[in-house]
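Okay, data18.cif now, which holds mmCIF, C-alpha atoms and all ligand atoms:
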```
data_coords
#
loop_
_atom_site.label_atom_id
_atom_site.label_comp_id
_atom_site.auth_asym_id
_atom_site.auth_seq_id
_atom_site.Cartn_x
_atom_site.Cartn_y
_atom_site.Cartn_z
CA MET P 22 105.07 89.21 114.03
CA THR P 23 102.72 88.82 111.07
CA LYS P 24 102.70 91.37 108.23
CA SER P 25 99.50 92.99 109.48
CA GLU P 26 100.86 93.19 113.05
CA VAL P 27 103.91 95.02 111.71
CA LEU P 28 101.67 97.46 109.84
CA LEU P 29 99.48 97.91 112.90
CA SER P 30 102.48 98.75 115.07
CA LEU P 31 103.60 101.29 112.45
CA LEU P 32 100.16 102.89 112.32
CA GLU P 33 100.06 103.09 116.10
CA ASP P 34 103.19 105.19 115.94
CA ARG P 35 102.15 108.66 115.00
CA LEU P 36 101.90 109.40 111.28
CA TYR P 37 102.22 112.91 109.85
CA HIS P 38 100.91 115.03 107.00
CA GLY P 39 102.79 118.05 105.66
CA SER P 40 100.62 120.77 104.11
CA LYS P 41 101.06 124.22 102.61
CA VAL P 42 97.73 125.25 104.15
CA GLU P 43 96.30 125.30 107.65
CA LEU P 44 93.81 122.45 108.12
CA ASP P 45 91.28 121.07 110.62
CA GLN P 46 90.39 117.98 108.61
CA LEU P 47 92.29 116.24 105.83
CA GLN P 48 90.59 115.63 102.48
CA PRO P 49 91.87 113.50 99.58
CA GLY P 50 93.83 115.35 96.91
CA ASN P 51 93.31 115.09 93.13
CA ASP P 52 94.68 111.56 93.08
CA GLY P 53 91.93 110.38 95.48
CA GLY P 54 94.13 109.72 98.52
CA ILE P 55 95.42 111.31 101.72
CA HIS P 56 99.21 111.03 101.92
CA LEU P 57 100.82 110.33 105.27
CA GLY P 58 104.29 109.42 106.41
CA SER P 59 106.98 109.82 109.03
CA LYS P 60 107.69 113.30 110.39
CA ALA P 61 110.79 113.52 108.15
CA GLN P 62 108.76 112.59 105.06
CA ALA P 63 105.91 114.99 105.83
CA SER P 64 108.36 117.83 106.52
CA MET P 65 110.26 117.22 103.31
CA ARG P 66 106.98 117.36 101.35
CA ASN P 67 105.71 120.55 103.06
CA SER P 68 107.34 121.96 106.14
CA LYS P 69 104.88 124.84 106.61
CA HIS P 70 102.23 122.87 108.53
CA VAL P 71 103.16 119.40 109.74
CA TYR P 72 100.23 117.65 111.43
CA ALA P 73 100.28 114.54 113.58
CA VAL P 74 97.40 112.27 112.58
CA GLU P 75 95.66 109.18 113.87
CA VAL P 76 94.54 106.53 111.38
CA SER P 77 91.61 104.24 112.05
CA ALA P 78 91.52 102.35 108.72
CA ASP P 79 91.68 98.55 108.76
CA VAL P 80 95.38 97.76 108.41
CA ASP P 81 94.60 94.40 106.83
CA ARG P 82 93.00 96.28 103.95
CA PHE P 83 96.12 98.21 102.86
CA LYS P 84 97.71 97.17 99.59
CA ARG P 85 101.51 97.19 99.39
CA GLU P 86 102.61 99.01 96.25
CA ARG P 87 105.85 100.18 94.73
CA ASP P 88 106.83 103.87 94.63
CA THR P 89 107.26 104.68 90.97
CA GLY P 90 107.66 108.41 91.35
CA GLY P 91 104.48 110.03 92.54
CA ASP P 92 101.63 109.35 90.08
CA TRP P 93 99.31 107.47 92.41
CA LYS P 94 95.95 108.13 90.75
CA GLY P 95 95.70 104.87 88.76
CA LYS P 96 97.00 102.73 91.62
CA ILE P 97 94.57 104.36 94.04
CA GLN P 98 91.61 103.78 91.69
CA LYS P 99 92.55 100.11 91.25
CA ALA P 100 93.07 99.53 94.96
CA LYS P 101 89.73 101.19 95.82
CA LYS P 102 87.92 99.04 93.26
CA ALA P 103 89.50 95.94 94.79
CA GLY P 104 88.12 96.94 98.21
CA TYR P 105 91.31 98.19 99.88
CA GLU P 106 91.18 101.03 102.40
CA GLY P 107 94.63 102.36 101.63
CA ILE P 108 98.08 101.84 100.16
CA VAL P 109 101.42 101.37 101.90
CA TYR P 110 104.72 101.73 100.08
CA LEU P 111 108.42 102.18 100.66
CA ASN P 112 108.87 105.89 99.96
CA ARG P 113 111.87 106.34 97.68
CA TYR P 114 111.95 110.13 97.79
CA GLU P 115 110.54 111.96 100.84
CA GLY P 116 112.84 111.52 103.82
CA ILE P 117 115.86 110.53 101.74
CA ASP P 118 119.36 110.91 103.20
CA LYS P 119 120.65 113.40 100.62
CA ASP P 120 124.36 112.93 101.48
CA ARG P 121 124.05 109.19 101.05
CA TYR P 122 122.08 109.61 97.82
CA PHE P 123 124.72 111.92 96.28
CA LYS P 124 127.46 109.51 97.38
CA LEU P 125 125.65 106.70 95.52
CA LEU P 126 125.48 108.87 92.37
CA ALA P 127 129.20 109.65 92.72
CA ASP P 128 129.84 105.90 92.99
CA GLY P 129 128.21 105.34 89.58
CA TRP P 130 124.57 104.74 90.50
CA THR P 131 121.99 106.53 88.35
CA GLY P 132 118.35 107.37 89.05
CA GLU P 133 117.32 104.72 86.50
CA LYS P 134 119.45 102.02 88.12
CA LEU P 135 118.11 102.88 91.56
CA ASP P 136 114.51 102.86 90.26
CA ALA P 137 115.03 99.39 88.83
CA LEU P 138 115.91 97.96 92.26
CA SER P 139 113.39 96.03 94.33
CA ASP P 140 112.29 97.70 97.58
CA LYS P 141 114.61 95.31 99.42
CA GLY P 142 117.58 96.28 97.23
CA PHE P 143 116.76 99.98 97.51
CA LYS P 144 116.53 99.81 101.30
CA LYS P 145 119.89 98.01 101.44
CA LEU P 146 121.55 101.03 99.78
CA LEU P 147 119.46 103.62 101.66
CA PRO P 148 118.54 101.96 104.97
CA GLY P 149 116.92 105.09 106.40
CA MET P 150 114.03 104.97 103.91
CA GLU P 151 110.61 104.37 105.48
CA ASP P 152 107.09 103.42 104.50
CA SER P 153 104.46 106.01 103.56
CA TYR P 154 100.68 105.55 103.59
CA ILE P 155 97.79 106.64 101.41
CA VAL P 156 94.40 106.54 103.12
CA PHE P 157 91.28 106.69 100.95
CA ASN P 158 88.47 107.65 103.34
CA PRO P 159 88.84 111.02 105.12
CA LYS P 160 86.78 109.56 108.00
CA ASP P 161 89.73 107.25 108.74
CA VAL P 162 92.12 110.15 109.39
CA ARG P 163 92.04 112.60 112.28
CA ILE P 164 94.43 115.47 112.98
CA VAL P 165 95.54 115.19 116.61
CA GLY P 166 98.26 117.79 116.85
CA ASP P 167 101.30 119.31 115.21
N1 LIG W 201 102.01 115.34 102.47
C1 LIG W 201 102.72 114.44 103.14
O1 LIG W 201 102.90 114.52 104.37
C2 LIG W 201 103.35 113.27 102.43
C3 LIG W 201 103.86 112.19 103.17
C4 LIG W 201 104.45 111.15 102.49
C5 LIG W 201 104.55 111.19 101.11
N2 LIG W 201 104.06 112.26 100.42
C6 LIG W 201 104.22 112.29 98.94
O2 LIG W 201 103.75 113.52 98.43
C7 LIG W 201 102.88 113.34 97.31
C8 LIG W 201 101.47 113.86 97.58
O3 LIG W 201 101.54 114.90 98.46
P1 LIG W 201 100.39 115.76 99.12
O4 LIG W 201 100.10 115.20 100.45
O5 LIG W 201 100.90 117.16 99.04
O6 LIG W 201 99.08 115.56 98.23
P2 LIG W 201 98.59 116.27 96.88
O7 LIG W 201 99.73 116.60 96.01
O8 LIG W 201 97.53 115.37 96.36
O9 LIG W 201 97.95 117.64 97.35
C9 LIG W 201 96.78 117.76 98.10
C10 LIG W 201 96.92 119.00 98.94
O10 LIG W 201 95.67 119.31 99.56
C11 LIG W 201 95.89 119.64 100.92
N3 LIG W 201 94.68 119.39 101.70
C12 LIG W 201 94.34 118.29 102.43
N4 LIG W 201 93.15 118.46 103.04
C13 LIG W 201 92.70 119.67 102.67
C14 LIG W 201 91.53 120.42 103.00
N5 LIG W 201 90.59 119.94 103.81
N6 LIG W 201 91.41 121.66 102.46
C15 LIG W 201 92.36 122.18 101.64
N7 LIG W 201 93.51 121.51 101.31
C16 LIG W 201 93.66 120.28 101.82
C17 LIG W 201 97.05 118.76 101.32
O11 LIG W 201 97.71 119.25 102.47
C18 LIG W 201 97.94 118.83 100.07
O12 LIG W 201 98.78 119.95 100.12
C19 LIG W 201 102.85 111.90 97.02
O13 LIG W 201 103.64 111.65 95.89
C20 LIG W 201 103.44 111.23 98.23
O14 LIG W 201 104.31 110.20 97.85
C21 LIG W 201 103.46 113.29 101.07
#
```
Take the structure in the file and write it out as structure tokens.
Ligand SMILES: NC(=O)c1ccc[n+]([C@@H]2O[C@H](COP(=O)([O-])OP(=O)(O)OC[C@H]3O[C@@H](n4cnc5c(N)ncnc54)[C@H](O)[C@@H]3O)[C@@H](O)[C@H]2O)c1
Amino acid sequence: MTKSEVLLSLLEDRLYHGSKVELDQLQPGNDGGIHLGSKAQASMRNSKHVYAVEVSADVDRFKRERDTGGDWKGKIQKAKKAGYEGIVYLNRYEGIDKDRYFKLLADGWTGEKLDALSDKGFKKLLPGMEDSYIVFNPKDVRIVGD
């Protein structure tokens, strides 16, 4: 499977958005993007309203980025300028297995050491971590259920 086929198969699986507010249509937040992920990730972000969404953006136009802790504004601006339709990244926070994370800390890992790992190294220690998506154009995202 090519990289874009893998992404396509992920996008065909339902993605979710967790929100504090009731919504009919998703709009980009202050950082310029619409954040989507697995059901576990969306629920950890906001469990009040968890929406299933369909994405129609071109999966070949998603830029893979690294999760450096939540400030996406600059990366979103750069990716938009370069013509991308979205960002995909290994989420290092939402959806984390908390027991496993605390065990790693007890074993001598620190937040800094974990942050310094590549995505591959991070996923080796926390294999349950999954990709999240940031879609730029609200027309590419449709709420289909909850
Ligand atoms: N929300 C998720 O499901 C989700 C999934 C994966 C990762 N994340 C992570 O969470 C962070 C961003 O989270 P966020 O999604 O809360 O975005 P955000 O912090 O930019 O907040 C935007 C808020 O606006 C709300 N909103 C969307 N459309 C709206 C509309 N039409 N009217 C009124 N409000 C509307 C969203 O639900 C969200 O609460 C990122 O760091 C990302 O890594 C979130």
Residue neighbourhood region 62-65 of chain P, 6 Å, all atoms listed in the file, exclusion window fewer than 2 positions, as a ChimeraX atom specification:
/P:37-39,58-60,67-68,115-116
Taking C-alpha atoms for each residue, export the selection above as a CSV table (one decimal), in the coordinates of the input.
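The new file result27.csv reads:
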```
chain,number,residue,atom,x,y,z
P,37,TYR,CA,102.2,112.9,109.8
P,38,HIS,CA,100.9,115.0,107.0
P,39,GLY,CA,102.8,118.0,105.7
P,58,GLY,CA,104.3,109.4,106.4
P,59,SER,CA,107.0,109.8,109.0
P,60,LYS,CA,107.7,113.3,110.4
P,67,ASN,CA,105.7,120.6,103.1
P,68,SER,CA,107.3,122.0,106.1
P,115,GLU,CA,110.5,112.0,100.8
P,116,GLY,CA,112.8,111.5,103.8
```
Around region 83-92 of chain P, fit a box with edges along x, y and z, padding it by 4 Å on each side, then list its centre and edge lengths in Å to one decimal as lines of an AutoDock Vina configuration file.
```
center_x = 101.9
center_y = 103.6
center_z = 96.5
size_x = 19.5
size_y = 20.9
size_z = 20.8
```
For ligand LIG 201 (chain W), collect every residue having any atom at a distance of at most 6 Å from a ligand atom (counting all atoms listed in the file); output as a list in words.
Tyr37, His38, Gly39, Ser40, Lys41, Leu44, Gln46, Leu47, Gln48, Gly50, Asn51, Asp52, His56, Leu57, Gly58, Gln62, Ala63, Arg66, Gly91 and Ser153 of chain P
Which residues are near Arg87 (chain P)? Cut-off 10 Å, only C-alpha atoms, ignore same chain within fewer than 5 positions. Put them as a PyMOL selection string.
chain P and resi 96+108-113+139-140
With only C-alpha atoms as the basis for distance, which of P:Leu147, P:Pro49, P:Ile117, P:Leu36 is at the shortest distance from Ile97 (chain P)?
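The answer is P:Pro49, which sits nearest to Ile97 (chain P).
Considering all atoms listed in the file, the residue among P:Ala103, P:Val165, P:Ile155, P:Ile55 positioned nearest to Glu86 (chain P) is P:Ile155.
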CA of Ile164 (chain P) to CA of Arg82 (chain P), distance in Å rounded to a single decimal:
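Here the two named atoms are 21.3 Å from each other.
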For CA of Glu43 (chain P) and CA of Lys84 (chain P), quote the distance in Å rounded to one decimal.
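So the two atoms, CA of Glu43 (chain P) and CA of Lys84 (chain P), lie 29.3 Å apart.
Environment of (91.7, 103.3, 102.5): residues at most 6 Å away, judged by only C-alpha atoms, are Tyr105, Glu106, Gly107, Val156, Phe157 and Asn158 of chain P.
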Looking at only C-alpha atoms, which of P:Gly166, P:Leu126, P:Glu151, P:Val80 is the one that sits closest to Ala61 (chain P)?
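Distance minimum relative to Ala61 (chain P) lands on P:Glu151.
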Which residue gives the smallest distance to Val71 (chain P) among P:Asp128, P:Asp167, P:Asp120, P:Asp92, with all atoms listed in the file counted?
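Of all the options, P:Asp167 lies closest to Val71 (chain P).
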How many Å lie between CA of Tyr72 (chain P) and CA of Gly53 (chain P), rounded to one decimal?
19.4 Å
Of the residues P:Gly149, P:Gly90, P:Val42, P:Glu75, which is the one nearest to Arg163 (chain P), using only C-alpha atoms?
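Of P:Gly149, P:Gly90, P:Val42, P:Glu75, the one nearest Arg163 (chain P) is P:Glu75, counting only C-alpha atoms.
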Pick from P:Gly54, P:Asp136, P:Val162, P:Lys69 nearest to Asp88 (chain P), counting all atoms listed in the file
P:Asp136
